[in-house]
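Peer 1: Can you keep this structure in mind? I'll have questions shortly.
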Amino acid sequence: MQKTLIAQVVEDTLSTYEKDGGINHIEGPNLPSREGVTEIVTNLLHVIFPGYYEKQELSKADVTFYIWEKIVSVYHNLSREVFKSLRYDPKRKHLDDESLSQQSVEITINLLHSLPKVREKLSKDVEAAYEGDPAAKSFNEVILSYPGLEAVTIYRIAHELHIQQVPLIPRIMTEFAHTRTGIDIHPGAEIGEYFFIDHGTGVVIGETCQIGNNVRIYQGVTLGALSFKKDKDGKLVKGIKRHPTIEDNVIIYAGATILGGDTLIGKNSVVGGNVWLVESVPPNTTVTLKFPELTYSNQKT
Amino acid sequence: MQKTLIAQVVEDTLSTYEKDGGINHIEGPNLPSREGVTEIVTNLLHVIFPGYYEKQELSKADVTFYIWEKIVSVYHNLSREVFKSLRYDPKRKHLDDESLSQQSVEITINLLHSLPKVREKLSKDVEAAYEGDPAAKSFNEVILSYPGLEAVTIYRIAHELHIQQVPLIPRIMTEFAHTRTGIDIHPGAEIGEYFFIDHGTGVVIGETCQIGNNVRIYQGVTLGALSFKKDKDGKLVKGIKRHPTIEDNVIIYAGATILGGDTLIGKNSVVGGNVWLVESVPPNTTVTLKFPELTYSNQKT
Amino acid sequence: MQKTLIAQVVEDTLSTYEKDGGINHIEGPNLPSREGVTEIVTNLLHVIFPGYYEKQELSKADVTFYIWEKIVSVYHNLSREVFKSLRYDPKRKHLDDESLSQQSVEITINLLHSLPKVREKLSKDVEAAYEGDPAAKSFNEVILSYPGLEAVTIYRIAHELHIQQVPLIPRIMTEFAHTRTGIDIHPGAEIGEYFFIDHGTGVVIGETCQIGNNVRIYQGVTLGALSFKKDKDGKLVKGIKRHPTIEDNVIIYAGATILGGDTLIGKNSVVGGNVWLVESVPPNTTVTLKFPELTYSNQKT
């Protein structure tokens with residue numbers, strides 16, 4: 001009897017696969033695999049911070065072989081996942097599989113060539129974390145345990161694929177970081193050097209943000225969109241600048257919300273905790289909430 | 001000597017197992033296993049979004065066999081875990097193991113029968129995400145990378161078990177989603193169609209919330225309890241409506257907090273970022289913080 | 001050709017390992033491994049809450065052998081990881097490997113000896129969660145599904161290593177909890193008995209916090225630093241009390257921010273949702289935001 005019941009469930013479920021549009025992916029070419037992308041990111045973290053994740057010691061004699069192996073693995077897996085994702089790019093639908101395959105290899109090679117540059121930026125991010133947090137005891141502690149660094153590292157990798165217009169994979173990468181750290185950075189955001197996010201849970205950095213050098217951000221900060229433009233058919237207009245610009249040397253304390261594509265925080269400014277901003281702030285300015293009026297009452301009366 | 005030390009530690013630890021009430025679970029019948037529940041949820045995600053998680057392509061020829069296998073696995077594992085959890089239900093303690101076992105099978109079959117309905121709802125949730133976020137490039141991107149969809153999917157499964165009064169498992173499921181997404185939806189909440197949570201970290205939706213159709217929520221929104229009623233012995237009264245009601249077409253922006261079982265947000269209303277509400281809002285109303293007074297000071301003076 | 005390209009990438013990457021300071025860890029002695037620390041924490045969770053994580057039933061006959069095996073595993077793995085981390089302690093750099101190895105064993109034994117005390121505290125934390133949350137149906141539910149309890153459990157273990165001045169490992173442990181729960185408790189914080197964090201995503205408890213008994217905290221609460229003292233060279237002064245003191249029986253509602261090392265919340269006080277405090281609150285006091293002025297506008301006009 002159970003077999004009949006299960007047969008019924010299977011049949012009912014299968015029949016919905018024919019009905020409900022948009023949430024089936026059967027007989028289409030494969031989509032990039034979350035598991036595959038996770039493996040790529042993990043290997044790149046090993047290459048970027050050598051000696052930090054390995055259980056065994058990494059000696060100078062081993063390191064060439066070790067890195068070679070990781071890079072070959074990333075090369076094969078990433079070019080395969082990129083190929084899968086290019087087949088879903090509306091902008092590339094005139095291209096045949098051979099051209100897409102060639103592009104996938106080029107994109108992968110470009111990403112790999114960017115690694116020294118990415119490492120250089122991350123070495124500055126590590127420094128910014130150490131300098132910016134009195135609780136940080138060493139660079140090692142930052143690399144081994146700071147979620148902000150992990151999120152920024154994965155964002156910097158994803159951004160390199162984003163600027164090569166790879167669909168899907170950059171977002172899968174930053175969502176992997178979001179899951180692990182609670183920090184949600186869209187791969188499209190542009191972020192300068194010496195960037196530090198402390199604690200980080202709840203941080204949201206939108207797709208069209210521009211962030212300068214030496215910026216520090218705390219948990220719960222949103223750099224978001226103010227409102228969404230709609231076209232004459234009432235559909236959202238996609239692809240315009242919706243998120244703020246943050247200039248050099250700005251500090252944004254916990255829980256602050258800064259919204260809108262025309263909102264600019266001038267250099268050297270400080271945005272206080274919980275401040276809610278939808279307009280620009282000039283350079284060298286500290287903005288704080290006018291101390292909110294509190295009500296005190298004695299519980300026993 | 002080390003052996004003696006370890007023996008001492010083991011003995012001391014074991015002796016606390018006899019003393020400290022309430023945090024041992026030895027010689028009781030098994031509790032549902034977090035690992036087991038995770039496996040069930042993962043298999044259901046494969047059934048609900050076929051072709052999105054597989055590394056191999058899923059062809060029409062394979063799909064029947066593939067889904068059959070997943071559903072059989074869920075059938076066996078879920079009926080076992082439900083059985084374990086029913087044995088802990090105070091309301092079912094008069095039932096013998098055979099009755100509980102029968103109920104477990106029924107509950108499992110009911111859950112499986114609900115899958116087409118759940119899929120139909122989720123297909124609307126995917127649409128709501130695509131329509132509601134200018135950064136969303138495709139349905140595929142939503143299904144592969146939106147944490148809000150993942151949390152809502154797992155909530156919709158858990159809710160089907162909650163309404164059949166299964167203890168423990170629904171909460172283990174939504175906490176699995178909470179861990180992965182930072183979104184904490186109690187399985188008891190009632191949520192309508194076309195529901196979209198963007199970014200999502202820090203969202204809390206309480207046990208007795210009622211949410212209509214076409215509602216959109218951003219990161220850090222709390223739909224919570226205002227205060228807890230206590231009985232004459234000073235113990236919390238459990239089981240009354242403590243959380244708000246949100247009607248159709250409401251948007252609630254980031255960081256807003258809405259509290260209380262009598263609080264109702266009328267249809268088509270908009271609650272602005274960081275708004276803190278403990279009373280109802282009429283329909284067709286936009287509620288924003290009166291623009292909070294900010295203090296600007298020039299850092300160099 | 002691809003081989004040449006990859007060779008180039010490997011060579012370029014390796015050459016940055018010689019250049020960029022501070023983010024390589026090659027030919028240094030090993031750092032503690034995140035994977036290794038995760039395994040230790042997982043085993044300790046099994047010892048602390050016996051019978052809750054096992055798929056098999058745990059009988060009285062099995063439990064001695066089972067706990068023995070877990071404790072032996074923790075003993076070996078933790079003394080190895082502690083040894084790795086002591087080699088990076090500037091305060092211990094005059095010690096040779098034999099002394100460090102001896103210290104590692106002592107520290108590990110001390111941690112194991114503290115388990116009964118830790119269990120006693122956690123049994124009170126479970127009770128506090130059950131008493132403090134109307135949605136909690138049983139102690140089992142709290143242990144199986146409350147992220148607050150998971151974060152506090154791992155904090156209590158990490159704190160035992162912190163007070164023995166072990167570098168790196170305590171932070172790796174609490175960051176493992178942060179990843180899983182969104183709750184960021186520095187292992188240096190001092191937290192009393194009957195502590196309960198509900199929902200928890202976004203909670204930050206800083207290094208020098210002191211928290212009394214019977215304190216309850218909700219999601220998004222920050223107990224943080226107000227500003228950082230710098231020395232005459234402009235470098236951050238590390239190691240002074242920067243975070244608040246919370247006395248017995250205090251409740252702090254969602255999103256409240258309490259900052260500064262001199263800020264003290266007196267016993268029996270209540271801090272309302274979203275309150276932002278940089279000064280002390282006397283005992284028996286309820287502090288709430290003066291109800292923020294809201295602007296209501298009818299959308300259709």
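A note on labels: chains of the structure tokens are A, B, ... as shown, every chain counts residues from 1, and ligands are counted from 1 in their shown order.
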Please identify all polymer residues within 8 Å of Ile183 of chain A, counting only C-alpha atoms, omitting same-chain residues fewer than 2 positions from it, and present them as number ranges by chain.

Peer 2: A: 148, 151, 177-179, 181, 185, 200-204

Peer 1: Would you put the residues from that selection into a file with C-alpha atoms, as a compact mmCIF listing (two decimals), in the first residue's frame?

Peer 2:
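As a result, part-v5.txt now contains:
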```txt
# COMPACT_ATOMS: atom_id res chain seq x y z
CA GLY A 148 34.80 40.62 7.75
CA ALA A 151 33.52 38.19 3.28
CA ALA A 177 30.11 34.32 2.14
CA HIS A 178 26.76 35.73 3.32
CA THR A 179 25.78 32.32 4.72
CA THR A 181 29.39 35.60 7.87
CA ILE A 185 28.14 42.29 -0.41
CA GLY A 200 29.67 42.32 10.29
CA THR A 201 26.42 40.44 10.87
CA GLY A 202 23.63 42.20 8.96
CA VAL A 203 25.84 44.36 6.74
CA VAL A 204 24.33 44.90 3.27
```

Peer 1: Quick check for you: according to DSSP on this backbone, which residues of segment 94-260 of chain A are classed as alpha helix (DSSP H)? Reply as a short mmCIF file (atom, residue, chain, number, x, y, z; two decimals) with N, CA, C and O atoms, in the first residue's frame.

Peer 2:
```
data_model
loop_
_atom_site.label_atom_id
_atom_site.label_comp_id
_atom_site.auth_asym_id
_atom_site.auth_seq_id
_atom_site.Cartn_x
_atom_site.Cartn_y
_atom_site.Cartn_z
N ASP A 97 28.55 27.09 -28.74
CA ASP A 97 29.25 26.49 -27.59
C ASP A 97 30.76 26.65 -27.67
O ASP A 97 31.42 26.82 -26.64
N GLU A 98 31.32 26.59 -28.89
CA GLU A 98 32.77 26.71 -28.98
C GLU A 98 33.24 28.09 -28.54
O GLU A 98 34.21 28.21 -27.78
N SER A 99 32.54 29.13 -29.02
CA SER A 99 32.90 30.49 -28.60
C SER A 99 32.74 30.65 -27.09
O SER A 99 33.58 31.26 -26.41
N LEU A 100 31.65 30.12 -26.56
CA LEU A 100 31.41 30.24 -25.12
C LEU A 100 32.50 29.53 -24.33
O LEU A 100 32.98 30.02 -23.31
N SER A 101 32.91 28.36 -24.86
CA SER A 101 33.94 27.60 -24.18
C SER A 101 35.25 28.38 -24.17
O SER A 101 35.97 28.43 -23.16
N GLN A 102 35.56 29.02 -25.31
CA GLN A 102 36.77 29.83 -25.41
C GLN A 102 36.71 31.00 -24.41
O GLN A 102 37.67 31.27 -23.70
N GLN A 103 35.56 31.67 -24.40
CA GLN A 103 35.39 32.77 -23.45
C GLN A 103 35.55 32.31 -22.00
O GLN A 103 36.13 33.02 -21.17
N SER A 104 35.03 31.13 -21.71
CA SER A 104 35.12 30.61 -20.34
C SER A 104 36.57 30.44 -19.93
O SER A 104 36.95 30.76 -18.80
N VAL A 105 37.37 29.92 -20.86
CA VAL A 105 38.79 29.73 -20.55
C VAL A 105 39.47 31.08 -20.35
O VAL A 105 40.23 31.27 -19.39
N GLU A 106 39.16 32.04 -21.25
CA GLU A 106 39.76 33.37 -21.10
C GLU A 106 39.41 34.02 -19.76
O GLU A 106 40.27 34.58 -19.07
N ILE A 107 38.14 33.94 -19.42
CA ILE A 107 37.68 34.54 -18.16
C ILE A 107 38.40 33.90 -16.98
O ILE A 107 38.85 34.57 -16.05
N THR A 108 38.54 32.57 -17.04
CA THR A 108 39.21 31.85 -15.95
C THR A 108 40.67 32.27 -15.85
O THR A 108 41.18 32.54 -14.75
N ILE A 109 41.34 32.33 -16.99
CA ILE A 109 42.75 32.76 -17.00
C ILE A 109 42.87 34.19 -16.46
O ILE A 109 43.76 34.49 -15.66
N ASN A 110 41.96 35.05 -16.88
CA ASN A 110 42.00 36.43 -16.35
C ASN A 110 41.84 36.46 -14.84
O ASN A 110 42.54 37.21 -14.15
N LEU A 111 40.92 35.63 -14.34
CA LEU A 111 40.75 35.59 -12.88
C LEU A 111 42.05 35.14 -12.22
O LEU A 111 42.50 35.74 -11.24
N LEU A 112 42.64 34.10 -12.76
CA LEU A 112 43.87 33.59 -12.15
C LEU A 112 44.98 34.64 -12.21
O LEU A 112 45.73 34.82 -11.24
N HIS A 113 45.07 35.35 -13.35
CA HIS A 113 46.08 36.41 -13.46
C HIS A 113 45.83 37.54 -12.47
O HIS A 113 46.75 38.29 -12.13
N LEU A 115 45.05 37.18 -9.39
CA LEU A 115 45.29 36.77 -8.00
C LEU A 115 46.37 37.59 -7.28
O LEU A 115 46.19 37.98 -6.13
N PRO A 116 47.52 37.86 -7.94
CA PRO A 116 48.50 38.69 -7.22
C PRO A 116 47.94 40.06 -6.83
O PRO A 116 48.16 40.51 -5.70
N LYS A 117 47.17 40.67 -7.71
CA LYS A 117 46.56 41.96 -7.39
C LYS A 117 45.56 41.82 -6.22
O LYS A 117 45.53 42.65 -5.30
N VAL A 118 44.76 40.77 -6.28
CA VAL A 118 43.79 40.52 -5.21
C VAL A 118 44.51 40.31 -3.87
O VAL A 118 44.12 40.86 -2.84
N ARG A 119 45.60 39.53 -3.90
CA ARG A 119 46.38 39.31 -2.68
C ARG A 119 46.94 40.62 -2.12
O ARG A 119 46.96 40.83 -0.90
N GLU A 120 47.40 41.47 -3.01
CA GLU A 120 47.95 42.75 -2.56
C GLU A 120 46.87 43.56 -1.84
O GLU A 120 47.11 44.13 -0.78
N LYS A 121 45.67 43.61 -2.44
CA LYS A 121 44.58 44.33 -1.79
C LYS A 121 44.22 43.71 -0.43
O LYS A 121 44.00 44.41 0.55
N LEU A 122 44.19 42.38 -0.40
CA LEU A 122 43.79 41.73 0.85
C LEU A 122 44.82 41.92 1.94
O LEU A 122 44.48 42.01 3.13
N SER A 123 46.09 42.02 1.52
CA SER A 123 47.11 42.26 2.55
C SER A 123 46.88 43.63 3.20
O SER A 123 47.08 43.81 4.40
N LYS A 124 46.37 44.57 2.43
CA LYS A 124 46.01 45.88 3.00
C LYS A 124 44.74 45.79 3.86
O LYS A 124 44.62 46.47 4.87
N ASP A 125 43.81 44.95 3.44
CA ASP A 125 42.60 44.77 4.24
C ASP A 125 42.93 44.16 5.62
O ASP A 125 42.35 44.54 6.63
N VAL A 126 43.86 43.21 5.62
CA VAL A 126 44.28 42.60 6.89
C VAL A 126 44.89 43.67 7.80
O VAL A 126 44.57 43.76 9.00
N GLU A 127 45.73 44.52 7.21
CA GLU A 127 46.35 45.60 7.98
C GLU A 127 45.28 46.53 8.55
O GLU A 127 45.35 46.94 9.72
N ALA A 128 44.30 46.87 7.72
CA ALA A 128 43.22 47.77 8.17
C ALA A 128 42.46 47.16 9.35
O ALA A 128 42.08 47.88 10.29
N ALA A 129 42.23 45.86 9.33
CA ALA A 129 41.52 45.20 10.43
C ALA A 129 42.35 45.27 11.71
O ALA A 129 41.85 45.60 12.78
N TYR A 130 43.64 44.96 11.57
CA TYR A 130 44.51 44.98 12.75
C TYR A 130 44.60 46.38 13.34
O TYR A 130 44.53 46.57 14.56
N GLU A 131 44.74 47.38 12.48
CA GLU A 131 44.85 48.76 12.95
C GLU A 131 43.53 49.28 13.50
O GLU A 131 43.51 50.18 14.35
N GLY A 132 42.42 48.74 13.00
CA GLY A 132 41.12 49.31 13.34
C GLY A 132 40.42 48.68 14.53
O GLY A 132 39.39 49.19 14.98
N PHE A 139 48.09 39.73 13.09
CA PHE A 139 47.61 39.48 11.73
C PHE A 139 47.05 38.06 11.61
O PHE A 139 46.04 37.83 10.94
N ASN A 140 47.74 37.10 12.27
CA ASN A 140 47.26 35.72 12.22
C ASN A 140 45.82 35.61 12.71
O ASN A 140 45.01 34.90 12.11
N GLU A 141 45.52 36.31 13.80
CA GLU A 141 44.16 36.24 14.36
C GLU A 141 43.15 36.78 13.35
O GLU A 141 42.06 36.23 13.19
N VAL A 142 43.53 37.87 12.68
CA VAL A 142 42.62 38.45 11.69
C VAL A 142 42.34 37.44 10.57
O VAL A 142 41.18 37.21 10.20
N ILE A 143 43.39 36.82 10.05
CA ILE A 143 43.21 35.91 8.92
C ILE A 143 42.45 34.65 9.35
O ILE A 143 41.60 34.13 8.64
N LEU A 144 42.73 34.17 10.56
CA LEU A 144 42.09 32.93 11.00
C LEU A 144 40.68 33.11 11.51
O LEU A 144 39.90 32.17 11.52
N SER A 145 40.31 34.31 11.97
CA SER A 145 39.01 34.37 12.66
C SER A 145 38.13 35.58 12.36
O SER A 145 37.04 35.66 12.91
N PRO A 147 35.40 37.42 10.41
CA PRO A 147 34.43 37.18 9.33
C PRO A 147 34.45 38.29 8.28
O PRO A 147 34.19 38.03 7.11
N GLY A 148 34.74 39.52 8.71
CA GLY A 148 34.80 40.62 7.75
C GLY A 148 35.84 40.34 6.67
O GLY A 148 35.59 40.57 5.48
N LEU A 149 36.99 39.84 7.07
CA LEU A 149 38.02 39.55 6.08
C LEU A 149 37.58 38.45 5.12
O LEU A 149 37.81 38.52 3.91
N GLU A 150 36.92 37.43 5.67
CA GLU A 150 36.46 36.33 4.82
C GLU A 150 35.46 36.84 3.77
O GLU A 150 35.57 36.51 2.58
N ALA A 151 34.52 37.66 4.22
CA ALA A 151 33.52 38.19 3.28
C ALA A 151 34.17 39.07 2.22
O ALA A 151 33.82 38.99 1.03
N VAL A 152 35.12 39.91 2.62
CA VAL A 152 35.77 40.81 1.66
C VAL A 152 36.63 40.01 0.68
O VAL A 152 36.67 40.30 -0.52
N THR A 153 37.30 38.97 1.17
CA THR A 153 38.12 38.13 0.29
C THR A 153 37.24 37.52 -0.81
O THR A 153 37.58 37.59 -2.00
N ILE A 154 36.12 36.93 -0.40
CA ILE A 154 35.26 36.28 -1.39
C ILE A 154 34.63 37.32 -2.32
O ILE A 154 34.53 37.10 -3.53
N TYR A 155 34.26 38.49 -1.76
CA TYR A 155 33.78 39.57 -2.63
C TYR A 155 34.84 39.95 -3.67
O TYR A 155 34.51 40.14 -4.85
N ARG A 156 36.10 40.08 -3.26
CA ARG A 156 37.13 40.54 -4.21
C ARG A 156 37.31 39.52 -5.35
O ARG A 156 37.57 39.89 -6.50
N ILE A 157 37.20 38.24 -5.03
CA ILE A 157 37.24 37.22 -6.08
C ILE A 157 36.02 37.34 -7.00
O ILE A 157 36.14 37.39 -8.23
N ALA A 158 34.85 37.40 -6.38
CA ALA A 158 33.60 37.45 -7.15
C ALA A 158 33.55 38.69 -8.05
O ALA A 158 33.06 38.63 -9.19
N HIS A 159 34.07 39.80 -7.52
CA HIS A 159 34.07 41.04 -8.30
C HIS A 159 34.88 40.90 -9.59
O HIS A 159 34.51 41.44 -10.63
N GLU A 160 35.98 40.15 -9.53
CA GLU A 160 36.80 39.93 -10.72
C GLU A 160 36.01 39.18 -11.81
O GLU A 160 36.27 39.37 -13.00
N LEU A 161 35.10 38.31 -11.38
CA LEU A 161 34.26 37.62 -12.37
C LEU A 161 33.11 38.53 -12.82
O LEU A 161 32.71 38.50 -13.99
N HIS A 162 32.61 39.33 -11.88
CA HIS A 162 31.51 40.25 -12.21
C HIS A 162 31.93 41.23 -13.31
O HIS A 162 31.17 41.49 -14.24
N ILE A 169 27.51 33.04 -11.17
CA ILE A 169 28.57 32.56 -10.28
C ILE A 169 29.00 33.61 -9.25
O ILE A 169 29.15 33.28 -8.06
N PRO A 170 29.20 34.87 -9.63
CA PRO A 170 29.61 35.84 -8.60
C PRO A 170 28.61 35.93 -7.44
O PRO A 170 29.01 35.97 -6.27
N ARG A 171 27.32 35.92 -7.75
CA ARG A 171 26.32 35.96 -6.70
C ARG A 171 26.33 34.69 -5.84
O ARG A 171 26.16 34.74 -4.62
N ILE A 172 26.53 33.53 -6.48
CA ILE A 172 26.62 32.29 -5.69
C ILE A 172 27.80 32.39 -4.73
O ILE A 172 27.73 31.97 -3.57
N MET A 173 28.92 32.98 -5.20
CA MET A 173 30.10 33.14 -4.34
C MET A 173 29.81 34.06 -3.15
O MET A 173 30.10 33.71 -2.01
N THR A 174 29.23 35.25 -3.43
CA THR A 174 29.02 36.17 -2.30
C THR A 174 27.91 35.67 -1.38
O THR A 174 27.92 35.98 -0.19
N GLU A 175 26.97 34.88 -1.90
CA GLU A 175 25.98 34.30 -1.00
C GLU A 175 26.58 33.19 -0.13
O GLU A 175 26.13 32.97 1.00
N PHE A 176 27.59 32.51 -0.65
CA PHE A 176 28.33 31.56 0.20
C PHE A 176 28.96 32.32 1.37
O PHE A 176 28.88 31.90 2.54
N ALA A 177 29.54 33.49 1.08
CA ALA A 177 30.11 34.32 2.14
C ALA A 177 29.03 34.83 3.08
O ALA A 177 29.21 34.88 4.31
N HIS A 178 27.88 35.24 2.52
CA HIS A 178 26.76 35.73 3.32
C HIS A 178 26.30 34.67 4.33
O HIS A 178 26.09 34.95 5.50
N THR A 179 26.16 33.43 3.84
CA THR A 179 25.78 32.32 4.72
C THR A 179 26.76 32.17 5.87
O THR A 179 26.38 32.00 7.02
N ARG A 180 28.06 32.28 5.56
CA ARG A 180 29.06 32.02 6.60
C ARG A 180 29.23 33.20 7.55
O ARG A 180 29.58 33.02 8.71
N THR A 181 29.00 34.43 7.07
CA THR A 181 29.39 35.60 7.87
C THR A 181 28.24 36.55 8.19
O THR A 181 28.42 37.45 9.00
#
```

Peer 1: What lies within 8 Å of segment 62-66 of chain C using only C-alpha atoms, ignoring chain neighbours under 3 positions off, as a list in words?

Peer 2: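 Skipping anything fewer than 3 positions along the chain leaves Val10, Leu14 and Ile26 of chain B; Leu58, Ser59, Glu69 and Lys70 of chain C.
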
Peer 1: Select, from B:Val215, B:Leu168, B:Leu86, B:Ala135, the residue with the minimum atom-to-atom distance to Arg34 of chain B, counting only C-alpha atoms.

Peer 2: B:Leu168

Peer 1: Might you pull out every residue within 6 Å of Gly206 of chain B, with only C-alpha atoms counted and same-chain residues fewer than 3 positions away left off, and present them as a PyMOL selection string?

Peer 2: chain B and resi 186+209+224

Peer 1: Can you check which residues of segment 181-223 of chain B DSSP gives as strand (DSSP E) on the backbone and send them as a list in words?

Peer 2: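 Residues meeting the strand (DSSP E) criterion: Asp184, Ile185, Glu190, Ile191, Phe196, Ile197, Asp198, Val204, Ile205, Gln210, Ile211, Arg216, Ile217, Tyr218, Thr222 and Leu223 of chain B.
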
Peer 1: Using only C-alpha atoms, which residue out of B:Leu95, B:Val9, B:Ile246, B:Ala254 lies closest to chain C?

Peer 2: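 Comparing B:Leu95, B:Val9, B:Ile246, B:Ala254 against chain C, the winner is B:Val9.
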
Peer 1: I'd like the contact shell of Glu279 of chain C - 12 Å cut-off, only C-alpha atoms, skipping same-chain residues fewer than 2 positions apart - returned as a VMD selection string.

Peer 2: (chain A and resid 291 294) or (chain C and resid 226 243 to 245 257 to 266 275 to 277 281 to 282 287)

Peer 1: Atoms to include: C-alpha atoms. Write the selected residues as a PDB file, in the first residue's frame.

Peer 2:
```
ATOM      1  CA  PHE A 291      20.711  62.156  21.224  1.00  0.00           C
ATOM      2  CA  LEU A 294      14.791  58.493  26.461  1.00  0.00           C
TER       3      LEU A 294
ATOM      4  CA  LEU C 226      32.353  53.817  22.496  1.00  0.00           C
ATOM      5  CA  HIS C 243      32.659  47.564  26.941  1.00  0.00           C
ATOM      6  CA  PRO C 244      29.722  47.990  29.348  1.00  0.00           C
ATOM      7  CA  THR C 245      28.816  46.293  32.609  1.00  0.00           C
ATOM      8  CA  THR C 257      23.054  49.478  21.603  1.00  0.00           C
ATOM      9  CA  ILE C 258      24.991  50.017  24.835  1.00  0.00           C
ATOM     10  CA  LEU C 259      28.478  51.407  24.485  1.00  0.00           C
ATOM     11  CA  GLY C 260      31.483  52.264  26.609  1.00  0.00           C
ATOM     12  CA  GLY C 261      33.625  50.807  29.377  1.00  0.00           C
ATOM     13  CA  ASP C 262      32.183  53.109  32.057  1.00  0.00           C
ATOM     14  CA  THR C 263      28.561  52.445  31.120  1.00  0.00           C
ATOM     15  CA  LEU C 264      26.771  50.348  33.733  1.00  0.00           C
ATOM     16  CA  ILE C 265      23.193  49.101  33.606  1.00  0.00           C
ATOM     17  CA  GLY C 266      22.017  48.713  37.189  1.00  0.00           C
ATOM     18  CA  VAL C 275      17.584  52.331  22.716  1.00  0.00           C
ATOM     19  CA  TRP C 276      21.068  53.770  22.208  1.00  0.00           C
ATOM     20  CA  LEU C 277      22.954  54.274  25.463  1.00  0.00           C
ATOM     21  CA  VAL C 281      21.327  53.548  34.037  1.00  0.00           C
ATOM     22  CA  PRO C 282      20.458  53.262  37.740  1.00  0.00           C
ATOM     23  CA  VAL C 287      14.630  53.022  29.722  1.00  0.00           C
TER      24      VAL C 287
END
```

Peer 1: Give me the residues near Ala256 of chain A as a VMD selection string, where near means some atom within 9 Å (using only C-alpha atoms) and where sequence neighbours in that chain fewer than 4 positions away do not count.

Peer 2: chain A and resid 218 to 223 252 271 to 277

Peer 1: Within 8 Å of Ile251 of chain B, counting only C-alpha atoms, which residues qualify if same-chain residues fewer than 3 places away don't, as a ChimeraX atom specification?

Peer 2: /B:215-217,268-271

Peer 1: Give me a file of those residues, with N, CA, C and O atoms, as a compact mmCIF listing (two decimals), in the first residue's frame.

Peer 2:
```
# COMPACT_ATOMS: atom_id res chain seq x y z
N VAL B 215 3.45 40.32 0.32
CA VAL B 215 4.13 41.12 1.34
C VAL B 215 5.64 41.05 1.09
O VAL B 215 6.16 40.01 0.71
N ARG B 216 6.30 42.20 1.26
CA ARG B 216 7.76 42.25 1.05
C ARG B 216 8.44 42.78 2.30
O ARG B 216 7.99 43.78 2.86
N ILE B 217 9.50 42.11 2.71
CA ILE B 217 10.19 42.42 3.97
C ILE B 217 11.69 42.50 3.71
O ILE B 217 12.22 41.73 2.92
N ASN B 268 -1.96 47.33 1.75
CA ASN B 268 -1.33 48.34 0.90
C ASN B 268 -0.49 49.35 1.68
O ASN B 268 -0.05 50.35 1.09
N SER B 269 -0.25 49.13 2.94
CA SER B 269 0.55 50.09 3.71
C SER B 269 2.04 49.82 3.57
O SER B 269 2.47 48.73 3.18
N VAL B 270 2.82 50.86 3.89
CA VAL B 270 4.27 50.78 3.81
C VAL B 270 4.84 51.21 5.17
O VAL B 270 4.48 52.27 5.68
N VAL B 271 5.70 50.37 5.74
CA VAL B 271 6.35 50.73 7.00
C VAL B 271 7.81 51.05 6.69
O VAL B 271 8.55 50.22 6.14
```

Peer 1: Using only C-alpha atoms, which of the listed residues (A:Tyr194, A:Tyr253, A:Tyr296, A:Tyr75) sits closest to chain C?

Peer 2: A:Tyr296

Peer 1: In terms of the shortest atom-to-atom distance over only C-alpha atoms, which of B:Pro187, B:Gly255, B:Pro29, B:Pro90 is closest to chain A?

Peer 2: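 Residue with the minimum atom-to-atom distance to chain A: B:Gly255.
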